[in-house]
>>> print(open('my_file_22.cif').read())   # mmCIF, C-alpha atoms (C1' of nucleotides)
data_query
loop_
_atom_site.label_atom_id
_atom_site.label_comp_id
_atom_site.auth_asym_id
_atom_site.auth_seq_id
_atom_site.Cartn_x
_atom_site.Cartn_y
_atom_site.Cartn_z
CA MET A 1 -21.69 15.33 74.42
CA SER A 2 -24.61 12.93 74.51
CA LYS A 3 -25.62 10.95 71.50
CA ASP A 4 -28.89 12.82 71.20
CA THR A 5 -27.39 16.24 70.86
CA LEU A 6 -24.67 15.32 68.42
CA PRO A 7 -24.60 17.41 65.29
CA GLY A 8 -25.45 15.66 62.05
CA LEU A 9 -22.72 14.38 59.85
CA THR A 10 -23.67 17.00 57.35
CA LEU A 11 -22.04 19.60 59.53
CA CYS A 12 -18.60 18.44 58.57
CA ASN A 13 -17.48 20.31 55.49
CA ASN A 14 -15.07 17.59 54.57
CA ALA A 15 -17.54 14.76 55.02
CA ALA A 16 -20.17 16.60 53.02
CA LEU A 17 -17.65 17.18 50.27
CA ARG A 18 -16.64 13.56 50.08
CA ARG A 19 -20.19 12.41 50.17
CA SER A 20 -21.18 14.53 47.19
CA ALA A 21 -17.98 13.59 45.45
CA ARG A 22 -18.96 9.94 45.72
CA LYS A 23 -22.41 10.69 44.43
CA LEU A 24 -21.28 12.78 41.52
CA GLY A 25 -18.37 10.50 40.78
CA GLN A 26 -20.68 7.53 40.49
CA PHE A 27 -22.86 9.45 38.09
CA TYR A 28 -20.09 10.73 35.85
CA ASP A 29 -18.32 7.37 35.89
CA ASP A 30 -21.53 5.71 34.92
CA VAL A 31 -22.05 7.95 31.92
CA MET A 32 -18.42 7.64 30.87
CA ALA A 33 -18.30 3.91 31.25
CA PRO A 34 -18.80 3.15 27.53
CA SER A 35 -15.47 4.86 26.83
CA GLY A 36 -13.65 2.61 29.26
CA LEU A 37 -12.35 5.63 31.14
CA LYS A 38 -13.21 6.74 34.64
CA ALA A 39 -14.14 10.37 35.03
CA THR A 40 -10.87 10.96 36.83
CA GLN A 41 -8.93 9.53 33.93
CA GLN A 42 -10.80 11.64 31.44
CA GLY A 43 -10.04 14.68 33.59
CA LEU A 44 -6.40 13.77 33.71
CA LEU A 45 -6.14 13.21 29.97
CA TYR A 46 -7.84 16.53 29.48
CA GLN A 47 -5.46 18.29 31.82
CA ILE A 48 -2.53 16.81 29.93
CA HIS A 49 -4.11 17.80 26.65
CA ILE A 50 -4.59 21.45 27.52
CA GLY A 51 -1.11 21.68 28.99
CA ASN A 52 1.91 22.13 26.80
CA GLU A 53 3.55 18.79 27.43
CA PRO A 54 3.25 19.58 31.10
CA ALA A 55 5.71 18.37 33.70
CA MET A 56 4.33 15.96 36.25
CA GLY A 57 4.79 18.49 39.00
CA ALA A 58 2.78 21.04 37.06
CA ILE A 59 -0.08 18.63 36.55
CA ALA A 60 -0.08 17.63 40.18
CA ALA A 61 -0.12 21.27 41.24
CA SER A 62 -3.02 22.08 38.91
CA LEU A 63 -5.04 19.21 40.22
CA ILE A 64 -3.98 19.75 43.84
CA MET A 65 -2.84 16.18 43.83
CA ASP A 66 0.13 14.55 45.48
CA LEU A 67 2.91 14.04 42.97
CA SER A 68 3.29 10.39 43.77
CA ALA A 69 -0.45 9.91 43.51
CA LEU A 70 -0.29 11.38 40.05
CA GLY A 71 2.47 8.96 39.17
CA HIS A 72 0.34 6.04 40.27
CA THR A 73 -2.74 7.34 38.50
CA LEU A 74 -0.81 7.79 35.31
CA LYS A 75 0.31 4.18 35.19
CA PRO A 76 -2.83 2.56 33.79
CA LEU A 77 -3.04 5.31 31.17
CA ILE A 78 0.54 4.68 30.11
CA ARG A 79 -0.02 0.94 30.15
CA ASP A 80 -3.04 1.36 27.90
CA GLY A 81 -1.07 3.53 25.50
CA TYR A 82 -2.98 6.77 26.02
CA VAL A 83 -0.12 8.73 27.52
CA GLU A 84 3.63 8.81 27.23
CA THR A 85 6.34 10.55 29.17
CA PHE A 86 9.76 11.90 28.30
CA ALA A 87 12.52 13.64 30.15
CA ASP A 88 12.81 17.38 29.73
CA PRO A 89 15.93 17.97 27.63
CA GLY A 90 16.91 21.01 29.66
CA ASP A 91 16.43 19.50 33.11
CA ARG A 92 16.56 15.77 33.29
CA ARG A 93 14.85 15.67 36.64
CA ILE A 94 11.69 16.86 34.95
CA LYS A 95 9.43 14.34 33.29
CA ARG A 96 6.98 15.71 30.81
CA VAL A 97 3.74 14.08 29.78
CA ARG A 98 1.81 14.06 26.54
CA LEU A 99 -1.08 12.20 24.95
CA THR A 100 -0.42 9.61 22.30
CA PRO A 101 -2.58 9.71 19.18
CA GLN A 102 -4.69 6.94 20.69
CA GLY A 103 -4.91 8.98 23.88
CA LEU A 104 -6.19 11.96 21.97
CA ALA A 105 -8.74 9.84 20.15
CA LYS A 106 -9.87 8.30 23.43
CA LEU A 107 -10.12 11.72 25.02
CA GLU A 108 -12.29 12.97 22.19
CA GLU A 109 -14.50 9.94 22.56
CA ALA A 110 -14.74 10.48 26.30
CA MET A 111 -15.43 14.17 25.98
CA LYS A 112 -18.65 13.41 24.14
CA LEU A 113 -19.81 11.33 27.05
CA TRP A 114 -18.56 13.92 29.49
CA GLN A 115 -20.73 16.50 27.80
CA ILE A 116 -23.73 14.29 28.28
CA ALA A 117 -23.01 13.88 31.97
CA GLN A 118 -22.26 17.55 32.41
CA GLN A 119 -25.42 18.56 30.58
CA ARG A 120 -27.52 16.15 32.55
CA PHE A 121 -26.06 17.46 35.79
CA GLU A 122 -26.80 21.02 34.86
CA ASP A 123 -30.31 20.10 33.79
CA VAL A 124 -31.00 18.44 37.10
CA ALA A 125 -29.14 20.82 39.39
CA GLY A 126 -29.76 23.99 37.45
CA LYS A 127 -27.22 25.95 35.49
CA GLU A 128 -27.05 28.77 37.99
CA GLN A 129 -26.67 26.41 40.89
CA ALA A 130 -23.96 24.48 39.08
CA GLN A 131 -22.02 27.60 38.38
CA ARG A 132 -22.27 28.79 41.96
CA LEU A 133 -21.19 25.39 43.13
CA ARG A 134 -18.10 25.37 40.94
CA ALA A 135 -17.24 28.86 42.08
CA ALA A 136 -17.50 27.78 45.71
CA LEU A 137 -15.39 24.71 45.06
CA ASP A 138 -12.74 26.76 43.33
CA GLU A 139 -12.67 29.09 46.29
CA ILE A 140 -12.02 26.19 48.58
CA ALA A 141 -9.30 24.89 46.33
CA ALA A 142 -7.66 28.30 46.54
CA LEU A 143 -7.83 28.68 50.30
CA ASP A 144 -4.73 28.84 52.41
CA PHE A 145 -5.12 27.01 55.67
CA ASP A 146 -1.66 27.71 56.98
CA LEU A 147 -1.61 29.36 60.32
CA PRO A 148 -0.04 32.79 60.12
CA PRO A 149 3.60 32.37 61.15
CA ALA A 150 4.43 33.82 64.52
CA THR A 151 6.35 36.94 63.54
CA PRO A 152 9.45 36.73 65.70
CA MET B 153 -12.29 21.66 19.11
CA SER B 154 -8.86 23.26 19.01
CA LYS B 155 -6.63 23.29 22.02
CA ASP B 156 -6.92 27.05 22.36
CA THR B 157 -10.65 27.14 22.70
CA LEU B 158 -10.97 24.32 25.16
CA PRO B 159 -12.82 25.15 28.34
CA GLY B 160 -10.83 25.11 31.56
CA LEU B 161 -10.88 22.06 33.72
CA THR B 162 -12.80 24.03 36.26
CA LEU B 163 -15.87 23.76 34.09
CA CYS B 164 -16.33 20.14 35.02
CA ASN B 165 -18.47 19.89 38.10
CA ASN B 166 -17.08 16.53 38.97
CA ALA B 167 -13.44 17.51 38.49
CA ALA B 168 -13.93 20.64 40.54
CA LEU B 169 -15.52 18.59 43.28
CA ARG B 170 -12.72 16.08 43.39
CA ARG B 171 -10.11 18.78 43.34
CA SER B 172 -11.57 20.53 46.35
CA ALA B 173 -12.09 17.22 48.04
CA ARG B 174 -8.39 16.50 47.72
CA LYS B 175 -7.54 19.92 49.06
CA LEU B 176 -9.88 19.76 51.99
CA GLY B 177 -9.09 16.13 52.66
CA GLN B 178 -5.42 16.89 52.92
CA PHE B 179 -6.15 19.67 55.38
CA TYR B 180 -8.52 17.70 57.61
CA ASP B 181 -6.27 14.64 57.50
CA ASP B 182 -3.36 16.76 58.48
CA VAL B 183 -5.11 18.17 61.50
CA MET B 184 -6.43 14.76 62.52
CA ALA B 185 -3.11 13.01 62.05
CA PRO B 186 -2.19 13.06 65.78
CA SER B 187 -5.17 10.81 66.47
CA GLY B 188 -3.95 8.24 63.98
CA LEU B 189 -7.27 8.42 62.14
CA LYS B 190 -7.94 9.76 58.69
CA ALA B 191 -10.79 12.18 58.38
CA THR B 192 -12.78 9.53 56.53
CA GLN B 193 -12.32 7.11 59.39
CA GLN B 194 -13.38 9.67 61.94
CA GLY B 195 -16.44 10.37 59.83
CA LEU B 196 -17.23 6.69 59.65
CA LEU B 197 -16.80 6.14 63.38
CA TYR B 198 -19.04 9.11 63.94
CA GLN B 199 -21.68 7.79 61.62
CA ILE B 200 -21.63 4.48 63.44
CA HIS B 201 -21.80 6.25 66.76
CA ILE B 202 -24.85 8.31 65.95
CA GLY B 203 -26.60 5.32 64.45
CA ASN B 204 -28.32 2.75 66.58
CA GLU B 205 -26.04 -0.19 65.88
CA PRO B 206 -26.66 0.51 62.23
CA ALA B 207 -26.68 -2.18 59.58
CA MET B 208 -23.94 -1.95 57.00
CA GLY B 209 -26.42 -1.18 54.30
CA ALA B 210 -27.83 1.69 56.30
CA ILE B 211 -24.40 3.19 56.82
CA ALA B 212 -23.55 2.83 53.17
CA ALA B 213 -26.80 4.49 52.18
CA SER B 214 -26.23 7.40 54.56
CA LEU B 215 -22.78 7.98 53.23
CA ILE B 216 -23.78 7.34 49.60
CA MET B 217 -21.09 4.74 49.53
CA ASP B 218 -20.94 1.40 47.83
CA LEU B 219 -21.68 -1.38 50.29
CA SER B 220 -18.57 -3.31 49.41
CA ALA B 221 -16.50 -0.14 49.71
CA LEU B 222 -17.85 0.28 53.20
CA GLY B 223 -16.86 -3.27 53.99
CA HIS B 224 -13.32 -2.59 52.86
CA THR B 225 -13.12 0.69 54.71
CA LEU B 226 -14.32 -0.93 57.90
CA LYS B 227 -11.56 -3.52 57.92
CA PRO B 228 -8.73 -1.43 59.33
CA LEU B 229 -11.08 -0.09 62.00
CA ILE B 230 -12.06 -3.60 63.02
CA ARG B 231 -8.46 -4.74 62.90
CA ASP B 232 -7.48 -1.87 65.21
CA GLY B 233 -10.28 -2.74 67.61
CA TYR B 234 -12.36 0.40 67.17
CA VAL B 235 -15.38 -1.29 65.67
CA GLU B 236 -17.11 -4.63 65.93
CA THR B 237 -19.88 -6.26 63.97
CA PHE B 238 -22.59 -8.77 64.80
CA ALA B 239 -25.39 -10.44 62.95
CA ASP B 240 -28.86 -9.08 63.43
CA PRO B 241 -30.76 -11.65 65.50
CA GLY B 242 -33.93 -11.15 63.51
CA ASP B 243 -32.41 -11.32 60.04
CA ARG B 244 -29.13 -13.09 59.80
CA ARG B 245 -28.32 -11.53 56.47
CA ILE B 246 -27.97 -8.20 58.22
CA LYS B 247 -24.69 -7.31 59.85
CA ARG B 248 -24.80 -4.53 62.40
CA VAL B 249 -21.92 -2.38 63.46
CA ARG B 250 -21.00 -0.70 66.72
CA LEU B 251 -18.06 1.05 68.31
CA THR B 252 -15.99 -0.73 70.90
CA PRO B 253 -15.09 1.21 74.05
CA GLN B 254 -11.69 1.92 72.50
CA GLY B 255 -13.46 3.07 69.37
CA LEU B 256 -15.56 5.48 71.35
CA ALA B 257 -12.52 6.81 73.15
CA LYS B 258 -10.69 7.22 69.87
CA LEU B 259 -13.66 8.97 68.35
CA GLU B 260 -13.79 11.42 71.22
CA GLU B 261 -10.12 12.09 70.83
CA ALA B 262 -10.53 12.59 67.09
CA MET B 263 -13.55 14.84 67.48
CA LYS B 264 -11.42 17.36 69.34
CA LEU B 265 -9.08 17.54 66.40
CA TRP B 266 -11.97 17.60 64.01
CA GLN B 267 -13.32 20.66 65.77
CA ILE B 268 -10.01 22.39 65.29
CA ALA B 269 -10.00 21.63 61.57
CA GLN B 270 -13.63 22.57 61.20
CA GLN B 271 -13.14 25.82 63.07
CA ARG B 272 -10.07 26.69 61.08
CA PHE B 273 -11.92 26.00 57.85
CA GLU B 274 -14.76 28.23 58.84
CA ASP B 275 -12.40 30.97 59.92
CA VAL B 276 -10.63 30.89 56.59
CA ALA B 277 -13.61 30.31 54.33
CA GLY B 278 -16.16 32.26 56.31
CA LYS B 279 -19.00 30.80 58.29
CA GLU B 280 -21.63 31.92 55.82
CA GLN B 281 -19.72 30.58 52.87
CA ALA B 282 -19.16 27.27 54.63
CA GLN B 283 -22.82 26.90 55.36
CA ARG B 284 -23.81 27.71 51.81
CA LEU B 285 -21.26 25.25 50.58
CA ARG B 286 -22.59 22.43 52.73
CA ALA B 287 -26.10 23.21 51.64
CA ALA B 288 -25.06 23.04 48.00
CA LEU B 289 -23.22 19.77 48.58
CA ASP B 290 -26.21 18.27 50.32
CA GLU B 291 -28.37 19.28 47.41
CA ILE B 292 -26.05 17.46 45.05
CA ALA B 293 -26.08 14.42 47.25
CA ALA B 294 -29.86 14.45 47.09
CA LEU B 295 -30.16 14.82 43.33
CA ASP B 296 -31.70 12.15 41.19
CA PHE B 297 -29.92 11.75 37.89
CA ASP B 298 -32.07 8.98 36.56
CA LEU B 299 -33.61 9.69 33.25
CA PRO B 300 -37.38 9.73 33.47
CA PRO B 301 -38.56 6.28 32.45
CA ALA B 302 -40.34 6.14 29.13
CA THR B 303 -43.94 5.63 30.24
CA PRO B 304 -45.05 2.65 28.17
"C1'" DT C 305 35.53 22.43 42.16
"C1'" DT C 306 33.48 20.00 46.10
"C1'" DC C 307 29.91 19.32 49.19
"C1'" DA C 308 25.32 20.54 51.22
"C1'" DT C 309 20.77 21.59 49.86
"C1'" DT C 310 16.83 21.76 47.12
"C1'" DT C 311 13.93 19.91 43.47
"C1'" DA C 312 11.46 16.21 40.78
"C1'" DG C 313 10.08 11.69 40.60
"C1'" DT C 314 9.78 6.60 42.01
"C1'" DG C 315 8.36 2.66 44.71
"C1'" DG C 316 6.35 0.82 48.71
"C1'" DT C 317 2.59 0.67 51.75
"C1'" DA C 318 -1.93 1.91 53.32
"C1'" DT C 319 -6.48 3.66 53.01
"C1'" DA C 320 -10.65 5.00 49.88
"C1'" DT C 321 -13.87 3.44 46.68
"C1'" DG C 322 -16.24 1.13 42.92
"C1'" DC C 323 -17.79 -3.01 40.12
"C1'" DC C 324 -18.57 -7.79 39.56
"C1'" DA C 325 -19.35 -12.52 40.68
"C1'" DC C 326 -20.69 -15.25 44.36
"C1'" DT C 327 -23.03 -16.98 48.80
"C1'" DA C 328 -26.43 -17.09 52.27
"C1'" DA C 329 -30.63 -15.83 54.07
"C1'" DA C 330 -35.28 -14.23 53.63
"C1'" DT C 331 -39.34 -13.80 50.86
"C1'" DA C 332 -42.55 -14.42 47.21
"C1'" DT C 333 -44.83 -17.75 44.01
"C1'" DG C 334 -46.93 -21.75 42.27
"C1'" DC D 335 -43.71 -27.27 50.61
"C1'" DA D 336 -40.33 -26.42 46.70
"C1'" DT D 337 -38.45 -23.21 43.76
"C1'" DA D 338 -37.57 -18.46 41.93
"C1'" DT D 339 -36.38 -13.98 43.28
"C1'" DT D 340 -34.75 -10.46 46.10
"C1'" DT D 341 -31.76 -8.72 49.73
"C1'" DA D 342 -27.32 -8.16 52.40
"C1'" DG D 343 -22.68 -8.94 52.52
"C1'" DT D 344 -18.04 -10.88 51.03
"C1'" DG D 345 -13.90 -11.30 48.30
"C1'" DG D 346 -11.31 -10.29 44.31
"C1'" DC D 347 -9.64 -6.92 41.36
"C1'" DA D 348 -8.81 -2.21 39.76
"C1'" DT D 349 -8.30 2.64 40.22
"C1'" DA D 350 -7.67 6.93 43.34
"C1'" DT D 351 -4.87 9.08 46.51
"C1'" DA D 352 -1.71 10.04 50.41
"C1'" DC D 353 2.72 9.77 53.02
"C1'" DC D 354 7.39 8.28 53.52
"C1'" DA D 355 11.98 6.98 52.35
"C1'" DC D 356 14.98 7.02 48.62
"C1'" DT D 357 17.50 8.41 44.21
"C1'" DA D 358 19.06 11.46 40.75
"C1'" DA D 359 19.78 15.83 39.01
"C1'" DA D 360 20.39 20.71 39.50
"C1'" DT D 361 21.84 24.56 42.44
"C1'" DG D 362 24.09 27.14 45.85
"C1'" DA D 363 27.88 27.89 49.09
"C1'" DA D 364 32.65 27.47 50.69
#
>>> encode(input="my_file_22.cif", output="C-alpha cells")
Amino acid sequence: MSKDTLPGLTLCNNAALRRSARKLGQFYDDVMAPSGLKATQQGLLYQIHIGNEPAMGAIAASLIMDLSALGHTLKPLIRDGYVETFADPGDRRIKRVRLTPQGLAKLEEAMKLWQIAQQRFEDVAGKEQAQRLRAALDEIAALDFDLPPATP
Amino acid sequence: MSKDTLPGLTLCNNAALRRSARKLGQFYDDVMAPSGLKATQQGLLYQIHIGNEPAMGAIAASLIMDLSALGHTLKPLIRDGYVETFADPGDRRIKRVRLTPQGLAKLEEAMKLWQIAQQRFEDVAGKEQAQRLRAALDEIAALDFDLPPATP
DNA sequence: TTCATTTAGTGGTATATGCCACTAAATATG
DNA sequence: CATATTTAGTGGCATATACCACTAAATGAA
C-alpha cells in the first residue's frame, strides 16, 4: 500500500466518531463552562437524576461505560458535594448513587446552558439532521459485535 | 421540570456521541489489542504517515484536537520509538513529526487489525449505514458554531 | 454448612484530552 | 533597529476512560 493510495482517515468509523466527539465536546463544554461542569459531568448528573437512586452498575451499563471509569468520574462530583452514594440495604455489594440538593441545583443550572448548546447545535446542523444523527448513534450503541459462537 | 417528564439522555447530541464513541472505541481497541496499540494511537500513526512530516499544529488541526493534547498523546509513541520529532529548519518554532522504521512496521501490523475491526463493523452495521454515519460525523466536524459577530 | 463461583466495586496504572500559563521564535510596527 | 504582537509548542493540572488485580458480598453446589 503506497502512501499515495492510502484511504483518508475519514474512512475509519472509529476515528471519525472520535473526531466529531472532540469537536462537539469542545463546543458543549464551552457553553457549559459558566456552570463549572463539563458536558460529561452534566450528562452524568442527569443520568443519576432520572434514575431511581441507580446502582453504579446500572449507570455504567446505561452509559456504556466501564464500571471503574464511572467510579473515577464520580469522584470529583462527590468531592464537590453534588453526588452521594450509599450501600443498597438489601445487597451490600451494590452502591447506589443520588444527587445532593446542591447537585440538583447545579444540574438545573447546567441544564439551562445545555439547552443553549443543544439549540445552537440543532440550529447549525439542522433539526432533521440532528435527529438522524442521534438515531444512527443509538444504533451503533446497540450493535452487537460478538462473533457468532461456533455451534459445537 | 418533573422527573417524569424529563427527556431521555439520548436527546443530547453530545452524550449520544460520546456513548457511541465509548462503544465503538472499546470494540476497535479490543480488536487492535494484539498490536499493543490503541485505536487512537493507530489513527495518530496513520495521520502522521499520510502527512508529509506534518507539523504538530497541522496534525492537531486535522484531528480537531487540542495542540497540547496532541503533545501528550504523542509521548508514549515517542517513548516506544514509533515516532520522532524534529524542528523545521525554516521556522524553528515548528516541530515536525515522522514515523520511525519501527513505527511504520507497527502501523502496518496495526492496519491489518484495523481492517478486521472496520470490516466487522461494516458487516454488523451495514455498509450503507456506515457510510452515512461517517458522512454525518464529518459534517459535524465541519460545522461552525460561532455566533455571527454583531456587525458594528 | 462449607467451599467454589459469580457479582459489584475499588485502586492502581496508563492513555486521551482539554485549558491555562509560560517560553521561544517569527513577524509586524514605529 | 527595538519593541509589541502573533504563532507554535511545552508543562502542569484536571477530567475522561479503559484494563487489571483485588476484595467483599451474595449465590450455588456438594
>>> residues_around(input="my_file_22.cif", residues="range 337-346 of chain D", least_positions_apart="3", cutoff="8 Å", atoms="all atoms listed in the file", output="ChimeraX atom specification")
/B:209,219-220,245-247 /C:330-333
>>> closest_residue(input="my_file_22.cif", among="A:Arg19, A:Arg134, A:Arg96, A:His72", to="chain D", atoms="all atoms listed in the file")
A:His72
>>> interface_residues(input="my_file_22.cif", of="chain C", to="chain B", cutoff="12 Å", atoms="all atoms listed in the file", output="number ranges by chain")
C: 318-324, 327-331
>>> interface_residues(input="my_file_22.cif", of="chain D", to="chain A", cutoff="7 Å", atoms="only C-alpha atoms (C1' of nucleotides)", output="list in words")
DA350, DT351, DA352 and DA359 of chain D
>>> interface_residues(input="my_file_22.cif", of="chain B", to="chain A", cutoff="7 Å", atoms="all atoms listed in the file", output="ChimeraX atom specification")
/B:155,161,164-177,195,199,202,215-217,270,276,285-286,288-290,292-293,297
>>> atom_distance(input="my_file_22.cif", atom1="CA of Gly233 in chain B", atom2="CA of Thr252 in chain B")
6.9 Å
>>> residues_around(input="my_file_22.cif", residues="DG362 in chain D", least_positions_apart="6", cutoff="12 Å", atoms="all atoms listed in the file", output="PDB file with C-alpha atoms (C1' of nucleotides), keeping the file's coordinate frame")
ATOM      1  C1'  DT C 306      33.480  20.000  46.100  1.00  0.00           C
ATOM      2  C1'  DC C 307      29.910  19.320  49.190  1.00  0.00           C
ATOM      3  C1'  DA C 308      25.320  20.540  51.220  1.00  0.00           C
ATOM      4  C1'  DT C 309      20.770  21.590  49.860  1.00  0.00           C
ATOM      5  C1'  DT C 310      16.830  21.760  47.120  1.00  0.00           C
TER       6       DT C 310
END
>>> atom_distance(input="my_file_22.cif", atom1="CA of Leu189 in chain B", atom2="CA of Ile268 in chain B")
14.6 Å
>>> residues_around(input="my_file_22.cif", residues="Leu99 in chain A", least_positions_apart="4", cutoff="10 Å", atoms="only C-alpha atoms (C1' of nucleotides)", output="list in words")
Leu45, Tyr46, Ile48, His49, Glu53, Leu77, Ile78, Gly81, Tyr82, Val83, Glu84, Thr85, Gly103, Leu104, Ala105, Lys106 and Leu107 of chain A
>>> build_atoms(input="my_file_22.cif", residues="range 23-48 of chain A", atoms="N, CA and C atoms", output="CSV table (one decimal), in the coordinates of the input")
chain,number,residue,atom,x,y,z
A,23,LYS,N,-21.2,10.7,45.2
A,23,LYS,CA,-22.4,10.7,44.4
A,23,LYS,C,-22.2,11.1,43.0
A,24,LEU,N,-21.5,12.2,42.9
A,24,LEU,CA,-21.3,12.8,41.5
A,24,LEU,C,-20.3,11.9,40.7
A,25,GLY,N,-19.3,11.4,41.4
A,25,GLY,CA,-18.4,10.5,40.8
A,25,GLY,C,-19.1,9.3,40.2
A,26,GLN,N,-20.0,8.7,41.0
A,26,GLN,CA,-20.7,7.5,40.5
A,26,GLN,C,-21.5,7.9,39.2
A,27,PHE,N,-22.1,9.1,39.2
A,27,PHE,CA,-22.9,9.4,38.1
A,27,PHE,C,-22.0,9.7,36.9
A,28,TYR,N,-21.0,10.5,37.0
A,28,TYR,CA,-20.1,10.7,35.8
A,28,TYR,C,-19.4,9.4,35.4
A,29,ASP,N,-19.0,8.6,36.3
A,29,ASP,CA,-18.3,7.4,35.9
A,29,ASP,C,-19.3,6.5,35.1
A,30,ASP,N,-20.5,6.5,35.6
A,30,ASP,CA,-21.5,5.7,34.9
A,30,ASP,C,-21.7,6.1,33.5
A,31,VAL,N,-21.8,7.4,33.3
A,31,VAL,CA,-22.0,8.0,31.9
A,31,VAL,C,-20.8,7.7,31.0
A,32,MET,N,-19.6,7.8,31.7
A,32,MET,CA,-18.4,7.6,30.9
A,32,MET,C,-18.0,6.2,30.6
A,33,ALA,N,-18.7,5.3,31.3
A,33,ALA,CA,-18.3,3.9,31.2
A,33,ALA,C,-18.1,3.4,29.8
A,34,PRO,N,-19.0,3.7,28.9
A,34,PRO,CA,-18.8,3.2,27.5
A,34,PRO,C,-17.4,3.5,26.9
A,35,SER,N,-16.8,4.5,27.4
A,35,SER,CA,-15.5,4.9,26.8
A,35,SER,C,-14.4,4.0,27.5
A,36,GLY,N,-14.7,3.4,28.6
A,36,GLY,CA,-13.6,2.6,29.3
A,36,GLY,C,-12.8,3.5,30.2
A,37,LEU,N,-13.1,4.7,30.2
A,37,LEU,CA,-12.4,5.6,31.1
A,37,LEU,C,-13.2,6.0,32.3
A,38,LYS,N,-12.6,6.1,33.5
A,38,LYS,CA,-13.2,6.7,34.6
A,38,LYS,C,-13.2,8.2,34.4
A,39,ALA,N,-14.1,8.9,35.1
A,39,ALA,CA,-14.1,10.4,35.0
A,39,ALA,C,-12.8,11.0,35.4
A,40,THR,N,-12.2,10.4,36.4
A,40,THR,CA,-10.9,11.0,36.8
A,40,THR,C,-9.8,10.8,35.7
A,41,GLN,N,-9.9,9.7,35.0
A,41,GLN,CA,-8.9,9.5,33.9
A,41,GLN,C,-9.2,10.5,32.8
A,42,GLN,N,-10.5,10.7,32.5
A,42,GLN,CA,-10.8,11.6,31.4
A,42,GLN,C,-10.3,13.0,31.8
A,43,GLY,N,-10.5,13.4,33.1
A,43,GLY,CA,-10.0,14.7,33.6
A,43,GLY,C,-8.5,14.8,33.5
A,44,LEU,N,-7.9,13.7,33.8
A,44,LEU,CA,-6.4,13.8,33.7
A,44,LEU,C,-5.9,13.9,32.3
A,45,LEU,N,-6.5,13.1,31.4
A,45,LEU,CA,-6.1,13.2,30.0
A,45,LEU,C,-6.4,14.6,29.5
A,46,TYR,N,-7.5,15.2,29.9
A,46,TYR,CA,-7.8,16.5,29.5
A,46,TYR,C,-6.8,17.5,30.0
A,47,GLN,N,-6.5,17.4,31.2
A,47,GLN,CA,-5.5,18.3,31.8
A,47,GLN,C,-4.1,18.2,31.1
A,48,ILE,N,-3.8,17.0,30.7
A,48,ILE,CA,-2.5,16.8,29.9
A,48,ILE,C,-2.7,17.5,28.6
